[in-house]
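Undergrad: So that you have it, the file is entry17.cif, and it contains mmCIF, C-alpha atoms:
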```cif
data_structure
loop_
_atom_site.label_atom_id
_atom_site.label_comp_id
_atom_site.auth_asym_id
_atom_site.auth_seq_id
_atom_site.Cartn_x
_atom_site.Cartn_y
_atom_site.Cartn_z
CA GLU A 12 -88.95 -29.26 84.20
CA SER A 13 -86.61 -31.14 86.54
CA SER A 14 -86.69 -34.90 86.91
CA PRO A 15 -87.47 -36.48 90.29
CA GLY A 16 -84.32 -36.80 92.33
CA SER A 17 -82.70 -33.77 90.74
CA LEU A 18 -81.81 -30.87 92.98
CA TYR A 19 -83.75 -27.65 92.89
CA ALA A 20 -81.88 -24.42 92.31
CA GLU A 21 -84.81 -22.22 93.35
CA PRO A 22 -87.72 -22.55 95.75
CA GLN A 23 -90.90 -23.52 93.88
CA VAL A 24 -92.94 -22.33 96.85
CA ARG A 25 -91.89 -18.98 98.35
CA LEU A 26 -92.60 -18.39 102.04
CA ASP A 27 -90.26 -15.80 103.59
CA LEU A 28 -90.98 -16.71 107.21
CA ARG A 29 -88.77 -15.67 110.12
CA LEU A 30 -87.40 -18.15 112.66
CA GLY A 31 -86.18 -16.59 115.87
CA GLU A 32 -84.51 -13.18 115.58
CA SER A 33 -82.64 -13.37 112.31
CA LEU A 34 -83.12 -16.61 110.36
CA SER A 35 -85.60 -17.06 107.51
CA LEU A 36 -87.08 -19.90 105.50
CA LEU A 37 -87.37 -18.39 102.01
CA GLY A 38 -89.23 -21.37 100.57
CA TYR A 39 -89.02 -24.98 99.46
CA SER A 40 -89.14 -27.34 96.48
CA PRO A 41 -90.88 -29.24 95.08
CA ALA A 42 -94.40 -27.86 95.33
CA GLY A 43 -96.96 -30.41 96.49
CA PRO A 44 -98.88 -32.44 96.96
CA LEU A 45 -96.15 -35.06 96.73
CA GLU A 46 -96.95 -38.68 96.06
CA ALA A 47 -94.84 -41.44 97.54
CA GLN A 48 -94.95 -45.15 98.14
CA ALA A 49 -94.07 -46.44 101.60
CA GLY A 50 -90.33 -47.10 101.71
CA GLU A 51 -89.52 -44.38 99.16
CA ALA A 52 -87.30 -41.35 99.76
CA LEU A 53 -88.72 -37.96 98.78
CA PRO A 54 -86.15 -35.46 97.47
CA PHE A 55 -86.84 -32.13 99.15
CA SER A 56 -85.00 -28.80 99.36
CA LEU A 57 -85.32 -26.03 101.95
CA PHE A 58 -83.99 -22.54 101.22
CA TRP A 59 -82.72 -20.65 104.27
CA SER A 60 -81.24 -17.23 104.82
CA ALA A 61 -79.90 -15.15 107.71
CA GLU A 62 -80.51 -11.42 108.23
CA GLN A 63 -77.38 -11.31 110.33
CA PRO A 64 -74.97 -13.97 111.61
CA VAL A 65 -76.16 -16.09 114.55
CA ALA A 66 -73.93 -17.48 117.29
CA GLU A 67 -75.68 -20.81 117.73
CA SER A 68 -75.76 -23.90 115.52
CA TYR A 69 -79.46 -24.75 115.25
CA ALA A 70 -80.74 -28.11 114.03
CA VAL A 71 -83.39 -28.51 111.35
CA PHE A 72 -86.34 -30.81 111.98
CA LEU A 73 -88.53 -32.25 109.25
CA GLN A 74 -91.54 -34.24 110.44
CA LEU A 75 -94.35 -36.11 108.73
CA LEU A 76 -97.64 -35.79 110.64
CA ASP A 77 -100.79 -37.84 110.13
CA GLY A 78 -104.31 -36.42 110.02
CA GLN A 79 -104.48 -36.38 113.84
CA GLY A 80 -101.16 -34.52 114.13
CA GLY A 81 -99.33 -37.70 115.19
CA LEU A 82 -95.64 -37.95 114.34
CA GLN A 83 -95.02 -40.64 111.70
CA ALA A 84 -91.49 -39.90 110.45
CA GLN A 85 -88.75 -37.47 111.36
CA VAL A 86 -85.38 -36.15 110.21
CA ASP A 87 -83.16 -33.97 112.40
CA ALA A 88 -80.01 -32.53 110.86
CA VAL A 89 -77.48 -29.76 110.82
CA PRO A 90 -78.12 -27.93 107.50
CA VAL A 91 -76.51 -29.16 104.28
CA GLY A 92 -75.56 -32.55 105.73
CA GLY A 93 -73.66 -30.92 108.57
CA PHE A 94 -71.49 -28.77 106.31
CA ARG A 95 -73.31 -25.45 106.82
CA PRO A 96 -74.31 -25.03 110.48
CA THR A 97 -76.41 -21.91 111.07
CA ASN A 98 -73.49 -20.20 112.85
CA SER A 99 -71.56 -20.29 109.53
CA TRP A 100 -74.24 -18.44 107.52
CA GLN A 101 -73.34 -15.00 106.18
CA ALA A 102 -75.94 -12.22 106.19
CA GLY A 103 -77.98 -12.36 102.99
CA GLU A 104 -76.57 -15.68 101.81
CA VAL A 105 -79.11 -18.23 100.54
CA ILE A 106 -78.49 -21.74 101.87
CA ARG A 107 -79.96 -24.59 99.84
CA ASP A 108 -80.52 -27.51 102.20
CA ASN A 109 -81.30 -30.83 100.44
CA TYR A 110 -82.98 -33.86 101.99
CA ALA A 111 -84.07 -37.32 100.94
CA PHE A 112 -86.98 -37.74 103.33
CA LEU A 113 -87.62 -41.44 103.90
CA VAL A 114 -91.25 -42.53 104.02
CA ALA A 115 -91.35 -45.51 106.40
CA ALA A 116 -91.99 -48.87 104.72
CA ASP A 117 -94.86 -49.59 107.14
CA LEU A 118 -96.59 -46.21 106.78
CA PRO A 119 -100.26 -46.76 105.91
CA PRO A 120 -101.54 -45.17 102.68
CA GLY A 121 -103.17 -41.80 103.25
CA GLU A 122 -102.53 -38.09 103.46
CA TYR A 123 -99.79 -36.59 105.63
CA GLN A 124 -98.39 -33.13 106.31
CA LEU A 125 -94.67 -32.36 106.13
CA ILE A 126 -93.56 -29.68 108.60
CA ALA A 127 -90.19 -28.05 109.29
CA GLY A 128 -88.49 -25.80 111.80
CA LEU A 129 -85.32 -25.10 113.73
CA TYR A 130 -84.40 -25.93 117.32
CA SER A 131 -81.51 -25.50 119.70
CA PRO A 132 -79.85 -28.90 120.28
CA SER A 133 -78.64 -27.73 123.72
CA THR A 134 -82.12 -26.85 125.06
CA MET A 135 -84.34 -28.76 122.54
CA GLU A 136 -86.33 -25.52 122.31
CA ARG A 137 -87.82 -24.69 118.92
CA LEU A 138 -87.37 -21.25 117.39
CA PRO A 139 -90.62 -19.29 117.11
CA VAL A 140 -91.92 -18.82 113.57
CA SER A 141 -93.31 -15.44 112.53
CA THR A 142 -94.22 -13.49 109.42
CA THR A 143 -91.94 -10.68 108.26
CA ASP A 144 -94.33 -8.19 109.91
CA GLY A 145 -94.01 -9.99 113.26
CA ALA A 146 -97.19 -12.10 113.52
CA LEU A 147 -96.36 -15.24 115.50
CA LEU A 148 -97.32 -18.50 113.72
CA GLY A 149 -96.14 -21.12 116.24
CA ASP A 150 -92.97 -23.20 116.40
CA TYR A 151 -93.05 -25.02 113.06
CA ILE A 152 -93.84 -24.33 109.39
CA PRO A 153 -96.38 -26.49 107.53
CA LEU A 154 -94.86 -27.32 104.16
CA VAL A 155 -96.29 -29.74 101.69
CA ARG A 156 -98.96 -32.45 101.73
CA VAL A 157 -97.61 -35.95 101.12
CA VAL A 158 -99.94 -38.62 99.76
CA VAL A 159 -98.72 -42.13 100.51
CA VAL A 160 -100.06 -44.62 97.95
CA GLU A 161 -100.19 -48.42 97.92
CA SER A 162 -96.93 -49.96 96.75
CA ARG A 163 -97.21 -50.83 93.09
#
```
Have the structure of the file written as structure tokens, please.

TA:
Amino acid sequence: ESSPGSLYAEPQVRLDLRLGESLSLLGYSPAGPLEAQAGEALPFSLFWSAEQPVAESYAVFLQLLDGQGGLQAQVDAVPVGGFRPTNSWQAGEVIRDNYAFLVAADLPPGEYQLIAGLYSPSTMERLPVSTTDGALLGDYIPLVRVVVVESR
């Protein structure tokens, strides 16, 4: 049992979804639903892997969507705080990518969906997400539900 704020060594939720030709999201931690107060930062880890090296440095996006699919909060980053761009990943290596996702102080209480994906900073185009057997799922991955509660 890890305390809040500690880093996760393993994905608690396993996904194994493909992004583009050769990148994969193996899973994430912690499992949800997550509870947060407005103004709090949620510790969150993504676990990536590459089938083979990629030439481009893709950016990660994490977004918090409301019940209507409206964007309420967003983080865009090069993986591992900029230290492990996707073009540095070795085939088969697991990249643990940690975030402290800030829930805006003025976010109304309610239920939100955290989503993630990768995009090319040069074109702003998102990588398509598919299952390992090739079924296309769209251009983002729904992760965990986040329940924002009244500040105590």

Undergrad: Give as JSON, numbers by chain every residue, naming chains and numbers as the document does, that has an atom within 12 Å of (-100.4, -33.3, 97.4), counting only C-alpha atoms.

TA: {"A": [41, 42, 43, 44, 45, 46, 47, 121, 122, 123, 124, 125, 154, 155, 156, 157, 158, 159, 160]}

Undergrad: What are the closest atom pairs, with distances in Å to one decimal, for each residue of segment 26-51 of chain A lying within 9 Å of segment 65-71 of chain A, using only C-alpha atoms, rows by chain and rising residue number, as JSON lines?

TA:
```
{"residue": "A:Glu32", "atom": "CA", "partner": "A:Val65", "partner_atom": "CA", "distance": 8.9}
{"residue": "A:Ser33", "atom": "CA", "partner": "A:Val65", "partner_atom": "CA", "distance": 7.4}
{"residue": "A:Leu34", "atom": "CA", "partner": "A:Val65", "partner_atom": "CA", "distance": 8.1}
```

Undergrad: Take the residues just selected and output them with C-alpha atoms as a compact mmCIF listing (two decimals), in the frame of the given file.

TA:
```txt
# COMPACT_ATOMS: atom_id res chain seq x y z
CA GLU A 32 -84.51 -13.18 115.58
CA SER A 33 -82.64 -13.37 112.31
CA LEU A 34 -83.12 -16.61 110.36
```

Undergrad: Taking (-89.3, -16.6, 98.9) in the file's own coordinates, collect the residues within 8 Å, counting all atoms listed in the file, and hand them back as a VMD selection string.

TA: chain A and resid 22 24 to 27 36 to 38

Undergrad: Could the residues in this selection be saved with C-alpha atoms as a PDB file, in the coordinates of the input?

TA:
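Listing of out26.pdb after writing:
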```pdb
ATOM      1  CA  PRO A  22     -87.720 -22.550  95.750  1.00  0.00           C
ATOM      2  CA  VAL A  24     -92.940 -22.330  96.850  1.00  0.00           C
ATOM      3  CA  ARG A  25     -91.890 -18.980  98.350  1.00  0.00           C
ATOM      4  CA  LEU A  26     -92.600 -18.390 102.040  1.00  0.00           C
ATOM      5  CA  ASP A  27     -90.260 -15.800 103.590  1.00  0.00           C
ATOM      6  CA  LEU A  36     -87.080 -19.900 105.500  1.00  0.00           C
ATOM      7  CA  LEU A  37     -87.370 -18.390 102.010  1.00  0.00           C
ATOM      8  CA  GLY A  38     -89.230 -21.370 100.570  1.00  0.00           C
TER       9      GLY A  38
END
```

Undergrad: Tell me, as a PDB file with C-alpha atoms, in the coordinates of the input, which residues lie within 12 Å of Glu51 of chain A, counting only C-alpha atoms; anything in the same chain fewer than 6 positions away does not count.

TA:
```
ATOM      1  CA  GLY A  16     -84.320 -36.800  92.330  1.00  0.00           C
ATOM      2  CA  LEU A  45     -96.150 -35.060  96.730  1.00  0.00           C
ATOM      3  CA  ALA A 111     -84.070 -37.320 100.940  1.00  0.00           C
ATOM      4  CA  PHE A 112     -86.980 -37.740 103.330  1.00  0.00           C
ATOM      5  CA  LEU A 113     -87.620 -41.440 103.900  1.00  0.00           C
ATOM      6  CA  VAL A 114     -91.250 -42.530 104.020  1.00  0.00           C
ATOM      7  CA  ALA A 115     -91.350 -45.510 106.400  1.00  0.00           C
ATOM      8  CA  ALA A 116     -91.990 -48.870 104.720  1.00  0.00           C
ATOM      9  CA  ASP A 117     -94.860 -49.590 107.140  1.00  0.00           C
ATOM     10  CA  LEU A 118     -96.590 -46.210 106.780  1.00  0.00           C
ATOM     11  CA  VAL A 157     -97.610 -35.950 101.120  1.00  0.00           C
ATOM     12  CA  VAL A 158     -99.940 -38.620  99.760  1.00  0.00           C
ATOM     13  CA  VAL A 159     -98.720 -42.130 100.510  1.00  0.00           C
ATOM     14  CA  VAL A 160    -100.060 -44.620  97.950  1.00  0.00           C
ATOM     15  CA  GLU A 161    -100.190 -48.420  97.920  1.00  0.00           C
ATOM     16  CA  SER A 162     -96.930 -49.960  96.750  1.00  0.00           C
ATOM     17  CA  ARG A 163     -97.210 -50.830  93.090  1.00  0.00           C
TER      18      ARG A 163
END
```

Undergrad: Counting all atoms listed in the file, which of A:Pro54, A:Gly93, A:Gly31, A:Pro119 gets nearest to Arg137 of chain A?

TA: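 Among A:Pro54, A:Gly93, A:Gly31, A:Pro119, it is A:Gly31 that comes nearest to Arg137 of chain A.
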
Undergrad: Would you kindly translate the PyMOL selection byres ((chain A and resi 149) around 6) into the concrete residues it picks from this file, as a list in words?

TA: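 Written out, the selection comes to Pro139, Val140, Leu147, Leu148, Asp150 and Tyr151 of chain A.
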
Undergrad: Output C-alpha atoms of each residue in that selection to a file, as a PDB file, in the frame of the given file.

TA:
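Dumped to part.pdb:
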```pdb
ATOM      1  CA  PRO A 139     -90.620 -19.290 117.110  1.00  0.00           C
ATOM      2  CA  VAL A 140     -91.920 -18.820 113.570  1.00  0.00           C
ATOM      3  CA  LEU A 147     -96.360 -15.240 115.500  1.00  0.00           C
ATOM      4  CA  LEU A 148     -97.320 -18.500 113.720  1.00  0.00           C
ATOM      5  CA  ASP A 150     -92.970 -23.200 116.400  1.00  0.00           C
ATOM      6  CA  TYR A 151     -93.050 -25.020 113.060  1.00  0.00           C
TER       7      TYR A 151
END
```

Undergrad: What does the structure give for the distance between atom CA of Ser99 of chain A and atom CA of Ala146 of chain A, in Å to one decimal?

TA: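 Taking atom CA of Ser99 of chain A and atom CA of Ala146 of chain A, their separation equals 27.2 Å.
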
Undergrad: Would you mind reading off the distance between atom CA of Leu138 of chain A and atom CA of Leu30 of chain A, one decimal, in Å?

TA: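 Atom CA of Leu30 of chain A lies 5.7 Å from atom CA of Leu138 of chain A.
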
Undergrad: Quick one: pull the distance between atom CA of Trp100 of chain A and atom CA of Leu76 of chain A, Å, one decimal.

TA: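 These atoms are spaced 29.3 Å apart.
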
Undergrad: Kindly indicate which residue among A:Ala61, A:Val91, A:Leu129, A:Ala102 lies nearest to Gln74 of chain A, using only C-alpha atoms for the distances.

TA: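 Of the candidates, the smallest distance to Gln74 of chain A is held by A:Leu129.
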
Undergrad: Pick out the closest residue to Gly50 of chain A from this set: A:Leu73, A:Gly78, A:Pro64, A:Pro120. Count only C-alpha atoms.

TA: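 With only C-alpha atoms as the atom set, the closest residue is A:Pro120.
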